[in-house]
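Let me begin by presenting the structure, written as structure tokens, before commenting on it.
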Amino acid sequence: MVHAGHIPDAVTGARAVPIYQTTSFVFDDAEQAAQLFELKQYGNIYTRISNPTTAVFEERIASLEGATGAVATASGMAAQLVTFLTLLQPGDEIVASSQLYGGSNTQLVHTLKKFSIGVRFVDPFRIRDWEAAITPRTKALYGETIGNPRGAILDIRRLADLAASAGIPLIVDNTMATPALCRPIEHGATLVVHSATKFIGGHGTAIGGVLLDSGKFDFSTYPSIAAPSPAYHDLRFHDTFGHYGFLVKARAETVRDTGACLSPFNAFLLIQGLETLSLRMERQTGSALRVAQYLEAHPAVAWVAYAGLPSHPDHALARKYLPKGPGAVFSFGLKARSGEDARAAGKKFIEGLQLFSHLANIGDVRSLVIHPASTTHQQLTDEDLAKGGVGPELIRLSIGLENVEDLLWDLDQALHAL
Ligand SMILES: *Cc1c(COP(=O)(O)O)cnc(C)c1O
């Protein structure tokens, strides 16, 4: 968290990671320039493709996830899109968990459709459904370590085995867990994506993302990585770069062409976040359990979906994959009294809170609250909402670094006012 990917600056001696706020880098000579452009030599050309500050962030997160390398992106959505556009071709399909972040759901269904890439959603618990959904067109499996917002825990090992037997990569969005709580690669995941906007940054100041490769998947027969690439003068990324093939293609081709790069300043902010990641996760996860226990015992609360509680259907999976606790984000349902609209009760509750901030984010050092049915999941139809397990009474909390007694006080007074 504090050392990987960086040594004190050779020129100035600066101990902290400097911000290389530059668009471009001077070539040594014409020969070196040509070598860089042909990917025959590593080095910086233009910050849309790579940057020394961003490289520290990439190496540090790769070290934390146990990955072979990483490519940083402008956002979590960009990390996913870059991953999909690097792997997939028109006509390909993905099989994905039905319990995903709302924005990921929209990206998979609507944006990938424009590239003629199809998606089949399956219940994350039912491994047989995943298996049945795989066709010869399927090129990847996709799920979240901790699903949004019902806290479903992905059975990474079983899905990794299924993906391996089908000869396709398993991609895991590890945003909600972070490598401080779970390292999906240790359980067999091929690729990991993150929204670094959340716990990795932690301070709520920068949007960013990152994609990582375990380096363990055999891409030698995987069409988009093995075949000559017309977008890079017929380079064969697997033949040329071995287990870095996917990442080199993601950077040199997909980030180059989508322009979805991380800015050096945001990379710097995310590095500040990484330095305290495990300490924050430990504290925030511990407080989340306390809050979940308090809410579960409260008469105005209908249910609490936190996999750290024995009442959650995935409690055993959470203990297996997240022994330090299943993160600091969870949801609960308010008990609707007769004739009262659950939506109205949710709104009143949120407006009664004083310490929790009402906003569309998670993973901040400040505690956050939101009502997904009227915000993040608003674009989904009622049917899709039901499939994702998001009812109108559902309130999502992201527990921050405050003293937990203060958080319990705030929830108590807002529930009392209801
Ligand atoms: C926020 C989030 C994303 C999208 O990330 P951005 O940085 O907002 O683009 C993707 N997946 C999950 C699980 C998220 O929470």
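Labels for the structure tokens follow display order: chains A, B, ..., residues from 1 in each chain, ligands from 1.
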
Identify, counting only C-alpha atoms and all ligand atoms, the protein, DNA and RNA residues located within 9 Å of ligand 1, and give them as an MDAnalysis selection string.
chainID A and resid 74:80 100:104 144:148 173:176 193:198 206:209 360:363

Please identify all polymer residues within 7 Å of region 218-232 of chain A, counting only C-alpha atoms, omitting same-chain residues fewer than 4 positions from it, and present them as JSON, numbers by chain.
{"A": [87, 88, 236, 237, 238, 239, 245, 246, 253]}

May I have the residues within 12 Å of region 366-370 of chain A as a PDB file with C-alpha atoms, in the first residue's frame, using only C-alpha atoms and disregarding those fewer than 4 positions away in the same chain?
```pdb
ATOM      1  CA  PRO A 149     -27.159  -3.743  -3.705  1.00  0.00           C
ATOM      2  CA  LYS A 198     -15.017   4.148  -4.283  1.00  0.00           C
ATOM      3  CA  PHE A 199     -12.919   2.614  -1.491  1.00  0.00           C
ATOM      4  CA  GLY A 202     -11.839   6.624  -0.305  1.00  0.00           C
ATOM      5  CA  HIS A 203     -11.881  10.407  -0.096  1.00  0.00           C
ATOM      6  CA  GLY A 204     -14.609  10.979  -2.676  1.00  0.00           C
ATOM      7  CA  THR A 205     -12.475  13.370  -4.740  1.00  0.00           C
ATOM      8  CA  ARG A 280     -10.014   2.095   6.330  1.00  0.00           C
ATOM      9  CA  GLN A 284     -15.451   0.680   7.987  1.00  0.00           C
ATOM     10  CA  THR A 285     -16.232  -3.043   7.746  1.00  0.00           C
ATOM     11  CA  SER A 287     -18.623  -0.407  11.870  1.00  0.00           C
ATOM     12  CA  ALA A 288     -20.846  -1.790   9.081  1.00  0.00           C
ATOM     13  CA  VAL A 291     -24.798  -0.884  12.204  1.00  0.00           C
ATOM     14  CA  ALA A 328     -19.005  -1.533   4.339  1.00  0.00           C
ATOM     15  CA  VAL A 329     -21.937  -1.231   1.914  1.00  0.00           C
ATOM     16  CA  PHE A 330     -25.271  -2.926   2.489  1.00  0.00           C
ATOM     17  CA  SER A 331     -28.970  -2.344   2.241  1.00  0.00           C
ATOM     18  CA  PHE A 332     -32.016  -2.735   4.409  1.00  0.00           C
ATOM     19  CA  GLY A 346     -37.762   5.813   2.441  1.00  0.00           C
ATOM     20  CA  LYS A 347     -37.687   9.439   1.414  1.00  0.00           C
ATOM     21  CA  LYS A 348     -38.735  10.662   4.870  1.00  0.00           C
ATOM     22  CA  PHE A 349     -36.119   8.489   6.551  1.00  0.00           C
ATOM     23  CA  ILE A 350     -33.308   9.786   4.329  1.00  0.00           C
ATOM     24  CA  GLU A 351     -34.370  13.372   4.912  1.00  0.00           C
ATOM     25  CA  GLY A 352     -34.323  12.785   8.687  1.00  0.00           C
ATOM     26  CA  LEU A 353     -30.666  11.715   8.754  1.00  0.00           C
ATOM     27  CA  GLN A 354     -28.185  14.354   9.885  1.00  0.00           C
ATOM     28  CA  LEU A 355     -24.759  12.739   9.634  1.00  0.00           C
ATOM     29  CA  PHE A 356     -25.222  10.454   6.602  1.00  0.00           C
ATOM     30  CA  SER A 357     -24.882  12.269   3.265  1.00  0.00           C
ATOM     31  CA  HIS A 358     -27.594  11.596   0.689  1.00  0.00           C
ATOM     32  CA  LEU A 359     -25.699  11.054  -2.547  1.00  0.00           C
ATOM     33  CA  ALA A 360     -24.906   8.590  -5.339  1.00  0.00           C
ATOM     34  CA  ASN A 361     -21.587   7.115  -4.288  1.00  0.00           C
ATOM     35  CA  ILE A 362     -20.133   4.480  -1.988  1.00  0.00           C
ATOM     36  CA  SER A 374     -35.430   6.578  -7.286  1.00  0.00           C
ATOM     37  CA  THR A 375     -31.759   7.203  -8.205  1.00  0.00           C
ATOM     38  CA  THR A 376     -29.053   4.726  -9.360  1.00  0.00           C
ATOM     39  CA  HIS A 377     -31.505   2.072 -10.571  1.00  0.00           C
ATOM     40  CA  PRO A 392     -38.987   0.402  -3.475  1.00  0.00           C
ATOM     41  CA  GLU A 393     -38.388   0.077   0.312  1.00  0.00           C
ATOM     42  CA  LEU A 394     -34.664  -0.576  -0.076  1.00  0.00           C
ATOM     43  CA  ILE A 395     -32.194   1.878   1.481  1.00  0.00           C
ATOM     44  CA  ARG A 396     -28.471   1.488   0.811  1.00  0.00           C
ATOM     45  CA  LEU A 397     -25.857   2.577   3.327  1.00  0.00           C
ATOM     46  CA  SER A 398     -22.118   3.021   2.877  1.00  0.00           C
ATOM     47  CA  ILE A 399     -20.490   3.174   6.284  1.00  0.00           C
ATOM     48  CA  GLY A 400     -17.622   5.643   6.719  1.00  0.00           C
ATOM     49  CA  LEU A 401     -14.925   6.371   9.266  1.00  0.00           C
ATOM     50  CA  GLU A 402     -17.030   8.264  11.817  1.00  0.00           C
ATOM     51  CA  ASN A 403     -17.336   6.982  15.382  1.00  0.00           C
ATOM     52  CA  VAL A 404     -19.900   4.182  15.099  1.00  0.00           C
ATOM     53  CA  ASP A 406     -22.495   8.705  16.265  1.00  0.00           C
ATOM     54  CA  LEU A 407     -23.810   6.714  13.290  1.00  0.00           C
ATOM     55  CA  LEU A 408     -26.102   4.638  15.518  1.00  0.00           C
ATOM     56  CA  ASP A 410     -28.218   9.311  13.715  1.00  0.00           C
ATOM     57  CA  LEU A 411     -30.039   6.202  12.460  1.00  0.00           C
TER      58      LEU A 411
END
```

Expected answer as a ChimeraX atom specification: helix (DSSP H, G or I) residues in region 250-367 of chain A:
/A:250-258,264-274,277-296,315-321,342-352

Write down as number ranges by chain the residues belonging to region 36-169 of chain A that are assigned strand (DSSP E) by DSSP computed on the backbone.
A: 69-73, 93-97, 118-122, 138-144

With distances taken over only C-alpha atoms, the candidate from A:Asp123, A:Asp29, A:Glu93, A:Asp155 nearest Leu141 (chain A) is A:Glu93

Selected residue, from A:Leu85, A:Met1, A:Ala267, A:Leu415, that lies nearest to Leu279 (chain A) when counting only C-alpha atoms
A:Met1

From the set A:Ala252, A:Phe217, A:His315, A:Pro299, which residue has the shortest atom-to-atom contact distance to His233 (chain A), counting only C-alpha atoms?
A:Ala252

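Going from CA of Leu36 (chain A) over to CA of Asp234 (chain A), you cover 16.7 Å.
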
Env of Tyr20 (chain A): 9 Å cut, atoms = only C-alpha atoms, seq-sep filter 2 positions within chain, self excluded. Answer as an MDAnalysis selection string.
chainID A and resid 18 22:23 51:54 264:265

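Take the candidates A:Ala152, A:Ala164, A:Ile49, A:Ala14 and check each one against Gln99 (chain A) using only C-alpha atoms; the shortest distance goes to A:Ala152.
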
Arg158 (chain A): which residues within 9 Å, counting only C-alpha atoms, same-chain residues fewer than 5 positions away excluded, as a list in words?
Ile127, Ala163, His187 and Gly188 of chain A

With distances taken over only C-alpha atoms, which residue among A:Phe25, A:Pro179, A:Ala10, A:Asp213 lies nearest Tyr244 (chain A)?
A:Asp213
